[in-house]
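query_37.txt follows (compact mmCIF, C-alpha atoms):
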# COMPACT_ATOMS: atom_id res chain seq x y z
CA MET V 1 2.63 65.34 122.42
CA SER V 2 4.21 63.96 119.28
CA SER V 3 3.51 60.49 117.93
CA ILE V 4 6.36 58.26 116.80
CA GLY V 5 6.31 57.83 113.02
CA THR V 6 7.90 54.41 112.94
CA GLY V 7 8.93 53.48 109.44
CA TYR V 8 7.49 56.60 107.79
CA ASP V 9 10.00 59.08 109.16
CA LEU V 10 13.22 58.03 107.50
CA SER V 11 13.13 60.42 104.56
CA ALA V 12 11.43 63.63 103.51
CA SER V 13 10.09 61.93 100.41
CA THR V 14 7.79 59.63 102.41
CA PHE V 15 4.26 60.45 103.57
CA SER V 16 2.84 58.72 106.64
CA PRO V 17 -0.58 57.02 106.36
CA ASP V 18 -2.20 60.02 108.04
CA GLY V 19 -0.69 62.43 105.52
CA ARG V 20 2.23 63.85 107.50
CA VAL V 21 5.84 64.29 106.49
CA PHE V 22 7.64 63.48 109.72
CA GLN V 23 11.05 64.78 108.68
CA VAL V 24 9.61 68.28 108.33
CA GLU V 25 7.95 68.02 111.75
CA TYR V 26 11.23 66.86 113.31
CA ALA V 27 12.94 69.84 111.68
CA MET V 28 10.45 72.14 113.40
CA LYS V 29 11.40 70.49 116.71
CA ALA V 30 14.96 71.76 116.19
CA VAL V 31 13.50 75.24 116.15
CA GLU V 32 11.38 74.68 119.24
CA ASN V 33 14.41 73.56 121.21
CA SER V 34 16.48 76.59 120.29
CA SER V 35 16.60 79.84 122.24
CA THR V 36 14.22 82.69 121.50
CA ALA V 37 14.22 85.07 118.56
CA ILE V 38 11.67 87.89 118.37
CA GLY V 39 10.66 90.31 115.67
CA ILE V 40 8.09 93.01 116.39
CA ARG V 41 6.59 95.51 113.99
CA CYS V 42 5.65 98.97 115.17
CA LYS V 43 4.20 101.87 113.27
CA ASP V 44 7.52 103.28 112.07
CA GLY V 45 9.82 100.25 111.96
CA VAL V 46 10.72 96.73 113.01
CA VAL V 47 12.85 95.59 115.96
CA PHE V 48 14.58 92.20 116.31
CA GLY V 49 15.79 90.66 119.55
CA VAL V 50 17.61 87.36 120.03
CA GLU V 51 18.49 85.49 123.22
CA LYS V 52 21.99 84.25 122.43
CA LEU V 53 22.96 81.50 124.89
CA ILE V 54 26.61 81.73 125.89
CA LEU V 55 28.00 78.28 125.33
CA SER V 56 31.46 79.04 126.68
CA LYS V 57 33.07 81.87 128.61
CA LEU V 58 35.87 81.84 126.05
CA TYR V 59 33.61 83.28 123.32
CA GLU V 60 34.07 86.98 122.61
CA GLN V 61 31.13 89.27 123.10
CA GLY V 62 29.31 89.77 119.82
CA SER V 63 30.37 86.48 118.30
CA ASN V 64 27.96 83.88 116.92
CA LYS V 65 25.61 86.47 115.50
CA ARG V 66 22.03 85.39 114.98
CA ILE V 67 20.81 88.56 113.30
CA PHE V 68 21.93 89.08 109.71
CA ASN V 69 21.77 91.86 107.15
CA ILE V 70 20.28 90.54 103.94
CA ASP V 71 20.32 93.81 102.05
CA ARG V 72 20.59 97.42 103.19
CA HIS V 73 16.93 97.48 104.03
CA VAL V 74 16.26 93.89 105.19
CA GLY V 75 17.20 92.11 108.41
CA MET V 76 16.85 88.45 109.37
CA ALA V 77 16.70 86.95 112.87
CA VAL V 78 17.00 83.17 113.17
CA ALA V 79 16.11 80.33 115.52
CA GLY V 80 17.15 76.69 115.23
CA LEU V 81 20.28 75.12 113.78
CA LEU V 82 22.69 78.05 113.30
CA ALA V 83 24.64 76.45 110.47
CA ASP V 84 21.45 75.94 108.45
CA ALA V 85 20.44 79.51 109.20
CA ARG V 86 23.75 80.90 107.99
CA SER V 87 23.48 79.04 104.71
CA LEU V 88 19.94 80.40 104.22
CA SER V 89 21.10 83.93 104.94
CA GLU V 90 23.58 83.56 102.07
CA VAL V 91 20.78 82.32 99.80
CA SER V 92 18.63 85.31 100.79
CA ARG V 93 21.50 87.69 100.10
CA GLU V 94 21.97 86.28 96.61
CA GLU V 95 18.24 86.55 95.90
CA ALA V 96 18.16 90.18 96.98
CA SER V 97 21.31 91.01 95.05
CA ASN V 98 20.15 89.30 91.83
CA PHE V 99 16.84 91.13 92.04
CA ARG V 100 18.58 94.47 92.34
CA SER V 101 20.86 93.60 89.43
CA ASN V 102 17.94 92.64 87.18
CA TYR V 103 15.33 95.23 88.16
CA GLY V 104 17.31 98.17 89.47
CA HIS V 105 15.54 98.60 92.85
CA ASP V 106 15.31 97.15 96.39
CA ILE V 107 13.62 93.76 96.56
CA PRO V 108 10.10 93.96 98.08
CA LEU V 109 10.06 91.98 101.33
CA LYS V 110 7.12 89.79 100.37
CA HIS V 111 8.90 88.69 97.21
CA LEU V 112 12.11 87.91 99.09
CA ALA V 113 10.20 85.91 101.71
CA ASP V 114 8.40 83.98 98.94
CA ARG V 115 11.62 83.20 97.09
CA VAL V 116 13.48 81.99 100.20
CA ALA V 117 10.43 80.02 101.32
CA MET V 118 10.38 78.30 97.90
CA TYR V 119 14.04 77.38 98.40
CA VAL V 120 13.37 75.98 101.89
CA HIS V 121 10.38 74.07 100.54
CA ALA V 122 12.49 72.45 97.82
CA TYR V 123 14.54 70.71 100.52
CA THR V 124 11.40 69.04 101.86
CA LEU V 125 10.76 67.17 98.61
CA TYR V 126 13.72 64.80 98.25
CA SER V 127 15.17 61.91 100.20
CA ALA V 128 18.72 62.86 99.25
CA VAL V 129 18.67 66.01 101.39
CA ARG V 130 17.24 66.93 104.78
CA PRO V 131 14.95 69.91 105.50
CA PHE V 132 16.47 73.05 107.01
CA GLY V 133 16.27 73.00 110.79
CA CYS V 134 15.64 76.67 111.31
CA SER V 135 12.89 79.27 111.20
CA PHE V 136 13.64 82.87 110.51
CA ILE V 137 11.99 86.25 110.64
CA LEU V 138 12.55 88.80 107.87
CA GLY V 139 11.84 92.45 108.47
CA SER V 140 12.21 95.68 106.56
CA TYR V 141 11.01 99.27 106.43
CA ASP V 142 10.16 101.24 103.32
CA GLU V 143 8.85 104.80 103.05
CA ASP V 144 5.95 103.79 100.82
CA ASP V 145 5.01 100.35 102.12
CA GLY V 146 5.92 100.96 105.77
CA PRO V 147 7.30 98.35 108.18
CA GLN V 148 6.83 94.68 107.24
CA LEU V 149 7.58 91.41 108.98
CA TYR V 150 7.53 87.87 107.55
CA MET V 151 8.31 84.50 109.09
CA VAL V 152 9.50 81.36 107.26
CA ASP V 153 9.50 77.92 108.89
CA PRO V 154 11.08 74.60 107.81
CA SER V 155 8.02 73.56 105.83
CA GLY V 156 8.52 76.58 103.57
CA ILE V 157 5.44 78.62 104.46
CA SER V 158 5.88 82.35 104.82
CA TYR V 159 3.45 84.48 106.75
CA MET V 160 3.02 88.16 107.80
CA LYS V 161 2.50 89.53 111.28
CA GLU V 162 2.21 97.96 116.25
CA MET V 163 4.65 102.11 119.76
CA THR V 164 7.49 103.72 117.99
CA CYS V 165 10.74 101.90 117.30
CA ARG V 166 12.59 103.67 120.09
CA GLU V 167 10.13 102.56 122.77
CA LEU V 168 9.80 99.11 121.23
CA VAL V 169 13.51 98.38 121.67
CA LYS V 170 13.06 98.48 125.46
CA GLU V 171 10.02 96.23 125.33
CA VAL V 172 11.80 93.64 123.16
CA ALA V 173 14.70 93.54 125.61
CA LYS V 174 12.23 93.08 128.45
CA ILE V 175 10.52 90.18 126.67
CA ILE V 176 13.80 88.38 126.08
CA TYR V 177 14.80 88.81 129.71
CA ILE V 178 11.46 87.50 130.91
CA VAL V 179 11.48 84.54 128.55
CA HIS V 180 15.01 83.53 129.51
CA ASP V 181 14.83 80.49 131.77
CA GLU V 182 17.43 80.92 134.54
CA VAL V 183 17.33 77.30 135.56
CA LYS V 184 17.51 75.57 132.21
CA ASP V 185 20.06 77.80 130.46
CA LYS V 186 23.13 79.56 131.63
CA ALA V 187 24.17 83.07 130.85
CA PHE V 188 23.03 84.80 127.69
CA GLU V 189 23.90 87.81 125.58
CA LEU V 190 21.16 90.00 124.14
CA GLU V 191 21.44 90.82 120.43
CA LEU V 192 19.23 93.69 119.25
CA SER V 193 18.74 95.20 115.81
CA TRP V 194 16.28 97.55 114.15
CA VAL V 195 15.15 98.92 110.80
CA GLY V 196 12.76 101.83 110.40
CA GLU V 197 12.28 105.52 109.98
CA VAL V 198 14.81 106.05 112.79
CA THR V 199 17.54 104.39 110.68
CA LYS V 200 16.23 105.78 107.37
CA GLY V 201 15.29 102.34 106.13
CA ARG V 202 18.64 100.68 106.82
CA HIS V 203 18.82 97.53 108.95
CA GLU V 204 21.44 97.99 111.71
CA LEU V 205 22.43 96.69 115.11
CA VAL V 206 20.97 98.90 117.84
CA PRO V 207 23.65 101.39 118.99
CA LYS V 208 25.46 100.46 122.20
CA ASP V 209 24.05 103.27 124.36
CA ILE V 210 20.43 102.58 123.41
CA LYS V 211 20.99 98.85 123.91
CA GLU V 212 22.40 99.41 127.39
CA GLU V 213 19.45 101.64 128.26
CA ALA V 214 17.09 98.91 127.06
CA GLU V 215 18.86 96.19 129.07
CA LYS V 216 18.77 98.38 132.16
CA TYR V 217 15.02 98.89 131.70
CA ALA V 218 14.54 95.14 131.19
CA LYS V 219 16.48 94.18 134.31
CA GLU V 220 14.65 96.79 136.42
CA SER V 221 11.26 95.55 135.22
CA LEU V 222 12.22 92.00 136.14
CA GLU V 223 13.21 93.05 139.63
CA GLU V 224 9.96 94.96 140.13
CA GLU V 225 7.98 91.90 139.16
CA ASP V 226 9.99 89.71 141.53
CA ASP V 227 9.33 92.14 144.37
CA SER V 228 5.61 92.29 143.69
CA ASP V 229 5.41 88.47 143.65
CA GLU V 230 6.91 88.34 147.13
CA ASP V 231 4.43 90.87 148.46
CA ASN V 232 1.52 88.82 147.26
CA MET V 233 2.72 85.77 149.19
CA MET X 1 24.37 111.44 73.99
CA ASP X 2 26.36 108.80 72.15
CA SER X 3 26.44 107.11 68.73
CA HIS X 4 23.31 108.53 67.14
CA HIS X 5 25.27 109.11 63.94
CA SER X 6 25.76 105.38 63.40
CA TYR X 7 22.01 104.74 63.21
CA SER X 8 21.79 105.90 59.60
CA GLN X 9 24.57 103.51 58.58
CA VAL X 10 22.90 100.38 59.96
CA LYS X 11 22.42 97.61 57.41
CA GLY X 12 19.07 96.06 56.68
CA VAL X 13 15.82 97.64 57.73
CA SER X 14 16.56 100.37 60.20
CA THR X 15 14.59 103.06 61.85
CA GLY X 16 16.41 106.15 60.81
CA THR X 17 14.27 107.83 63.33
CA THR X 18 13.30 110.66 65.53
CA ILE X 19 12.05 109.67 68.98
CA LEU X 20 11.48 111.72 72.08
CA ALA X 21 10.02 111.60 75.56
CA VAL X 22 9.12 114.50 77.85
CA LYS X 23 7.80 114.67 81.42
CA PHE X 24 4.96 117.05 82.13
CA ASN X 25 2.84 117.84 85.16
CA GLY X 26 1.12 114.53 85.95
CA GLY X 27 2.51 112.29 83.24
CA VAL X 28 4.87 111.65 80.38
CA ILE X 29 4.54 111.99 76.59
CA ILE X 30 6.50 109.83 74.22
CA GLY X 31 6.56 110.44 70.50
CA SER X 32 8.10 109.30 67.27
CA ASP X 33 7.95 109.61 63.51
CA SER X 34 6.71 106.69 61.39
CA ARG X 35 9.31 106.06 58.68
CA ALA X 36 11.36 102.86 58.28
CA SER X 37 14.17 102.99 55.70
CA MET X 38 16.57 100.59 53.98
CA GLY X 39 19.83 102.34 53.17
CA GLU X 40 19.64 106.09 52.55
CA SER X 41 17.01 106.21 49.84
CA TYR X 42 14.32 103.54 50.09
CA VAL X 43 11.40 103.98 52.50
CA SER X 44 10.30 100.48 53.43
CA SER X 45 7.36 101.67 55.53
CA LYS X 46 5.60 105.02 55.88
CA THR X 47 3.49 104.06 58.86
CA ILE X 48 5.56 101.97 61.19
CA ASN X 49 4.86 102.01 64.94
CA LYS X 50 7.95 102.75 67.00
CA LEU X 51 6.12 103.14 70.30
CA ILE X 52 5.91 99.66 71.82
CA GLN X 53 3.79 99.06 74.89
CA VAL X 54 5.65 96.80 77.33
CA HIS X 55 3.14 97.12 80.18
CA ASP X 56 -0.07 98.94 81.10
CA ARG X 57 1.63 102.26 81.84
CA ILE X 58 5.12 101.68 80.37
CA PHE X 59 6.17 102.26 76.74
CA CYS X 60 9.44 101.96 74.83
CA CYS X 61 10.47 103.98 71.78
CA ILE X 62 12.88 102.14 69.51
CA ALA X 63 15.75 103.38 67.37
CA GLY X 64 18.36 101.55 65.30
CA SER X 65 17.94 98.13 63.74
CA LEU X 66 14.23 97.33 63.64
CA ALA X 67 14.75 93.58 63.96
CA ASP X 68 16.96 93.94 67.02
CA ALA X 69 14.60 96.45 68.63
CA GLN X 70 11.56 94.22 68.11
CA ALA X 71 13.39 91.20 69.49
CA VAL X 72 14.51 93.07 72.60
CA THR X 73 11.11 94.62 73.32
CA LYS X 74 9.39 91.26 72.83
CA MET X 75 11.71 89.66 75.39
CA ALA X 76 11.37 92.60 77.76
CA LYS X 77 7.58 92.49 77.53
CA PHE X 78 7.59 88.82 78.48
CA GLN X 79 9.99 89.26 81.40
CA LEU X 80 8.14 92.31 82.67
CA SER X 81 4.78 90.58 82.57
CA PHE X 82 6.14 87.65 84.58
CA HIS X 83 7.85 90.00 87.04
CA SER X 84 4.69 92.02 87.53
CA ILE X 85 2.58 88.93 88.27
CA GLN X 86 5.18 87.68 90.78
CA MET X 87 5.24 91.07 92.52
CA GLU X 88 1.42 91.18 92.48
CA SER X 89 1.61 94.85 91.53
CA PRO X 90 2.27 96.97 88.42
CA PRO X 91 6.01 97.12 87.68
CA LEU X 92 8.17 100.16 88.33
CA VAL X 93 9.37 102.04 85.26
CA LYS X 94 12.89 101.56 86.63
CA ALA X 95 12.39 97.79 86.61
CA ALA X 96 11.30 97.88 82.94
CA ALA X 97 14.30 100.03 82.03
CA SER X 98 16.64 97.74 83.98
CA ILE X 99 15.35 94.69 82.08
CA MET X 100 16.01 96.49 78.78
CA ARG X 101 19.45 97.49 80.01
CA GLU X 102 20.41 93.94 80.98
CA LEU X 103 19.35 92.70 77.54
CA CYS X 104 21.27 95.46 75.72
CA TYR X 105 24.42 95.21 77.85
CA ASN X 106 24.71 91.42 77.89
CA ASN X 107 24.16 91.18 74.12
CA LYS X 108 25.97 94.30 73.06
CA GLU X 109 28.10 92.47 70.47
CA GLU X 110 25.10 91.32 68.45
CA LEU X 111 22.59 94.14 68.97
CA GLN X 112 22.35 97.55 67.41
CA ALA X 113 19.32 99.21 68.98
CA GLY X 114 18.70 101.96 71.49
CA PHE X 115 15.57 102.74 73.48
CA ILE X 116 13.72 105.34 75.47
CA THR X 117 11.66 103.72 78.24
CA ALA X 118 9.01 105.97 79.75
CA GLY X 119 5.92 105.55 81.84
CA TRP X 120 4.13 106.08 85.12
CA ASP X 121 4.31 104.08 88.36
CA ARG X 122 2.81 104.45 91.81
CA LYS X 123 6.13 104.97 93.58
CA LYS X 124 7.87 107.74 91.62
CA GLY X 125 5.20 108.93 89.20
CA PRO X 126 6.20 109.83 85.62
CA GLN X 127 9.75 108.82 84.64
CA ILE X 128 11.94 108.65 81.54
CA TYR X 129 14.97 106.35 81.14
CA VAL X 130 17.38 106.23 78.22
CA VAL X 131 18.86 102.81 77.45
CA SER X 132 21.59 103.41 74.92
CA LEU X 133 23.30 101.11 72.42
CA GLY X 134 25.90 99.61 74.75
CA GLY X 135 23.58 99.28 77.73
CA MET X 136 23.88 102.58 79.61
CA LEU X 137 20.88 103.49 81.76
CA LEU X 138 20.16 107.13 82.50
CA SER X 139 17.16 108.95 83.95
CA GLN X 140 16.24 112.33 82.46
CA PRO X 141 13.37 114.86 82.53
CA PHE X 142 13.21 114.82 78.72
CA THR X 143 15.23 113.11 76.03
CA ILE X 144 15.51 112.81 72.24
CA GLY X 145 16.97 110.03 70.13
CA GLY X 146 17.45 108.64 66.66
CA SER X 147 19.13 110.11 63.59
CA GLY X 148 16.68 113.02 63.41
CA SER X 149 17.40 114.12 66.95
CA THR X 150 20.67 115.80 65.96
CA TYR X 151 18.69 118.53 64.18
CA ILE X 152 16.58 119.50 67.16
CA TYR X 153 18.96 119.64 70.11
CA GLY X 154 18.91 123.42 69.94
CA TYR X 155 15.13 123.56 69.81
CA VAL X 156 14.50 121.24 72.77
CA ASP X 157 17.25 122.77 74.89
CA ALA X 158 15.76 126.22 74.36
CA LYS X 159 12.07 125.35 74.63
CA PHE X 160 11.88 122.72 77.39
CA LYS X 161 10.44 123.83 80.73
CA PRO X 162 9.95 121.51 83.73
CA ASP X 163 6.32 120.95 84.88
CA MET X 164 4.60 121.91 81.63
CA SER X 165 0.88 121.41 81.22
CA LEU X 166 -0.42 118.65 78.95
CA GLU X 167 -1.22 121.08 76.11
CA GLU X 168 2.21 122.75 76.30
CA ALA X 169 3.91 119.35 76.31
CA ILE X 170 1.94 118.13 73.27
CA GLN X 171 2.85 121.34 71.41
CA PHE X 172 6.52 120.95 72.41
CA SER X 173 6.67 117.33 71.20
CA THR X 174 4.81 117.94 67.95
CA ASN X 175 7.01 120.92 67.06
CA ALA X 176 10.21 119.05 67.86
CA LEU X 177 9.25 116.02 65.79
CA ALA X 178 8.03 118.14 62.89
CA LEU X 179 11.29 120.10 62.80
CA ALA X 180 13.37 116.93 62.85
CA MET X 181 11.27 115.25 60.18
CA GLY X 182 11.64 118.37 58.06
CA ARG X 183 15.44 118.11 57.96
CA ASP X 184 16.25 114.39 58.36
CA ASN X 185 15.63 112.39 55.18
CA VAL X 186 15.25 109.09 57.05
CA SER X 187 12.58 110.45 59.43
CA GLY X 188 9.09 111.27 58.20
CA GLY X 189 5.50 110.16 57.81
CA VAL X 190 3.13 110.94 60.65
CA VAL X 191 3.76 111.92 64.25
CA HIS X 192 2.75 109.29 66.81
CA LEU X 193 2.28 110.52 70.37
CA VAL X 194 1.32 108.54 73.46
CA VAL X 195 0.28 110.37 76.62
CA ILE X 196 0.75 108.25 79.79
CA THR X 197 -0.81 109.33 83.09
CA GLU X 198 -2.01 107.54 86.19
CA ALA X 199 -5.54 107.39 84.81
CA GLU X 200 -5.06 106.39 81.19
CA VAL X 201 -2.93 105.89 78.08
CA LYS X 202 -3.96 108.08 75.11
CA HIS X 203 -2.73 107.72 71.52
CA VAL X 204 -2.59 110.85 69.38
CA VAL X 205 -1.71 110.71 65.67
CA VAL X 206 -0.87 113.88 63.78
CA PRO X 207 -0.92 113.18 60.02
CA GLY X 208 1.76 114.73 57.80
CA ASN X 209 -0.48 117.45 56.38
CA LYS X 210 -1.58 118.64 59.84
CA LEU X 211 1.95 119.09 61.19
CA PRO X 212 2.99 122.62 62.27
CA LYS X 213 4.68 124.50 59.45
CA PHE X 214 7.79 126.59 59.89
CA HIS X 215 9.15 129.55 57.97
CA ASP X 216 10.28 128.00 54.70
CA GLU X 217 7.45 125.49 54.18
Taking this structure as input, can you express it in the form of structure tokens?
Amino acid sequence: MSSIGTGYDLSASTFSPDGRVFQVEYAMKAVENSSTAIGIRCKDGVVFGVEKLILSKLYEQGSNKRIFNIDRHVGMAVAGLLADARSLSEVSREEASNFRSNYGHDIPLKHLADRVAMYVHAYTLYSAVRPFGCSFILGSYDEDDGPQLYMVDPSGISYMKEMTCRELVKEVAKIIYIVHDEVKDKAFELELSWVGEVTKGRHELVPKDIKEEAEKYAKESLEEEDDSDEDNM
Amino acid sequence: MDSHHSYSQVKGVSTGTTILAVKFNGGVIIGSDSRASMGESYVSSKTINKLIQVHDRIFCCIAGSLADAQAVTKMAKFQLSFHSIQMESPPLVKAAASIMRELCYNNKEELQAGFITAGWDRKKGPQIYVVSLGGMLLSQPFTIGGSGSTYIYGYVDAKFKPDMSLEEAIQFSTNALALAMGRDNVSGGVVHLVVITEAEVKHVVVPGNKLPKFHDE
């Protein structure tokens, strides 16, 4: 699995003898241990789904959001340390807003992803700060450039990654339900958002009725699969 | 349109000027005269270029203090070139105009220059933006500026048609500039025209003796 970087893992400004920066790798572990976030691109939009673990029954439904609006046309879904993710969402919002103020139009998603990735990367260079312990997915839809999806991880790389949006929402819900581990984690709340032709390029939370339809579909698919497993035995 | 009257009272070398830009079917034409004056009576240059290229398909016409206009367009050209390389694609005309606007608005106390930014981009095709003295940004299908423009408002209002052909647009621009140069003492020289389309950028110069003549000339 992972080797122990004794002595070379105390700060992000130290390389190990085999050329690794252990602090960045440990930061990526924080993401691996978090619950799932998905972003899927289809031909007319992008859908995000997040498995939000319910840490206490006292929390209100809809609290502890993990999907953020960065600009009218850009959404961000996060995995990893939530506090780090929130701070990065603020950084992204400022980037997008400054761009609009200087150049008069919506920030292209690739440029936003590059700028935020540069910011994340900066925190992997110094011993005085620690790397961000979160990965996030940025998505947007534009009439001319179509749907786009980018992912940024703690090392500061950004990379790019097809149904209609309406059908995709049900599939994303199904994936989250399947991926949810009943034994390891307790209850969870599904957070769904979308941006595409269906929302005229604005990133929004999926409306309640469509979300309920999607969850119903997801639960039914799970039950069907359980039944079919029993038959095979 | 605001404060064109103050252009002829600017100290130092100014471009008492006539500038215009007009959209036609498939592109945009920008044009200007070529006279630079100091005060009301001395022509400091008969052949100055007031059509500055800030990117491959984006031009600015300048009016007002020449020094201020050159400083602003030089800065805008630099910022736009950096922006375009970062975006890995040709810049939008709106982005160029916004850069000019930020420069004019944030430095409005020191500057005395106005611009017409026009060009072609992949997203919205041919566009014209006016960036005025104080930093207002406005998009228009055609626009005129400079001290000479006051004499041709009637002409352009009457003669402009949307979606003209290239030939009609060239005729429209040349006539308008010639009429303004005929009445404004601080506009004159030759007519510079630049035709910007998706395919190319074409310069046309109409020397003073080839300009269209009107009834009393």
Closest-contact table, chain X side, partner chain V, 12 Å, counting all atoms listed in the file, as a Markdown table:
| residue | atom | partner | partner_atom | distance |
| --- | --- | --- | --- | --- |
| X:Ala76 | CA | V:Tyr103 | CA | 11.4 |
| X:Gln79 | CA | V:Asn102 | CA | 10.4 |
| X:Leu80 | CA | V:Tyr103 | CA | 9.5 |
| X:His83 | CA | V:Tyr103 | CA | 9.2 |
| X:Ser84 | CA | V:His111 | CA | 11.1 |
| X:Ile85 | CA | V:His111 | CA | 11.0 |
| X:Gln86 | CA | V:His111 | CA | 7.5 |
| X:Met87 | CA | V:His111 | CA | 6.4 |
| X:Glu88 | CA | V:His111 | CA | 9.2 |
| X:Ser89 | CA | V:Pro108 | CA | 10.8 |
| X:Pro91 | CA | V:Tyr103 | CA | 9.5 |
| X:Leu92 | CA | V:Tyr103 | CA | 8.7 |
| X:Val93 | CA | V:Tyr103 | CA | 9.5 |
| X:Lys94 | CA | V:Gly104 | CA | 6.3 |
| X:Ala95 | CA | V:Tyr103 | CA | 4.2 |
| X:Ala96 | CA | V:Tyr103 | CA | 7.1 |
| X:Ala97 | CA | V:Tyr103 | CA | 7.9 |
| X:Ser98 | CA | V:Tyr103 | CA | 5.0 |
| X:Ile99 | CA | V:Asn102 | CA | 6.1 |
| X:Met100 | CA | V:Asn102 | CA | 9.4 |
| X:Arg101 | CA | V:Asn102 | CA | 8.8 |
| X:Glu102 | CA | V:Asn102 | CA | 6.8 |
| X:Leu103 | CA | V:Asn102 | CA | 9.7 |
| X:Tyr105 | CA | V:Asn102 | CA | 11.6 |
| X:Asn106 | CA | V:Asn102 | CA | 11.6 |
| X:Arg122 | CA | V:Asp144 | CA | 9.6 |
| X:Lys123 | CA | V:Asp144 | CA | 7.3 |
| X:Lys124 | CA | V:Asp144 | CA | 10.2 |
| X:Tyr129 | CA | V:Gly104 | CA | 11.9 |
| X:Leu137 | CA | V:Gly104 | CA | 10.0 |
| X:Leu138 | CA | V:Gly104 | CA | 11.7 |
Take the selection from the previous step and output its residues with C-alpha atoms, as a CSV table (one decimal), keeping the file's coordinate frame.
chain,number,residue,atom,x,y,z
X,76,ALA,CA,11.4,92.6,77.8
X,79,GLN,CA,10.0,89.3,81.4
X,80,LEU,CA,8.1,92.3,82.7
X,83,HIS,CA,7.8,90.0,87.0
X,84,SER,CA,4.7,92.0,87.5
X,85,ILE,CA,2.6,88.9,88.3
X,86,GLN,CA,5.2,87.7,90.8
X,87,MET,CA,5.2,91.1,92.5
X,88,GLU,CA,1.4,91.2,92.5
X,89,SER,CA,1.6,94.8,91.5
X,91,PRO,CA,6.0,97.1,87.7
X,92,LEU,CA,8.2,100.2,88.3
X,93,VAL,CA,9.4,102.0,85.3
X,94,LYS,CA,12.9,101.6,86.6
X,95,ALA,CA,12.4,97.8,86.6
X,96,ALA,CA,11.3,97.9,82.9
X,97,ALA,CA,14.3,100.0,82.0
X,98,SER,CA,16.6,97.7,84.0
X,99,ILE,CA,15.4,94.7,82.1
X,100,MET,CA,16.0,96.5,78.8
X,101,ARG,CA,19.4,97.5,80.0
X,102,GLU,CA,20.4,93.9,81.0
X,103,LEU,CA,19.4,92.7,77.5
X,105,TYR,CA,24.4,95.2,77.8
X,106,ASN,CA,24.7,91.4,77.9
X,122,ARG,CA,2.8,104.4,91.8
X,123,LYS,CA,6.1,105.0,93.6
X,124,LYS,CA,7.9,107.7,91.6
X,129,TYR,CA,15.0,106.4,81.1
X,137,LEU,CA,20.9,103.5,81.8
X,138,LEU,CA,20.2,107.1,82.5
Fill in: Between CA of Ser221 in chain V and CA of Glu189 in chain V, distance in Å (one decimal)
17.7 Å
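For Glu32 in chain V, the list of residues within 12 Å, based on all atoms listed in the file and with local chain neighbours fewer than 3 positions off taken out, reads Glu25, Tyr26, Ala27, Met28, Lys29, Ser35, Thr36, Ala37, Val78, Ala79, Gly80, Leu81, Gly133, Cys134, Ser135, Asp153 and Pro154 of chain V.
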Fill in: Interatomic distance (Å, one decimal) between CA of Thr17 in chain X and CA of Asn185 in chain X
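Interatomic distance, CA of Thr17 in chain X to CA of Asn185 in chain X: 9.4 Å.
Computed from the coordinates, the CA of Ser92 in chain V to CA of Ala77 in chain V distance equals 12.3 Å.
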For range 142-154 of chain X, take all atoms listed in the file, fit an axis-aligned box around them, add 4 Å to each of the six sides, then output centre and edge lengths in Å rounded to one decimal, as JSON.
{"center_x": 16.9, "center_y": 116.0, "center_z": 71.1, "size_x": 15.5, "size_y": 22.8, "size_z": 23.3}
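Closest approach to Glu40 in chain X among X:Ala199, X:Ile19, X:Val186, X:Ile52: X:Val186, based on only C-alpha atoms.
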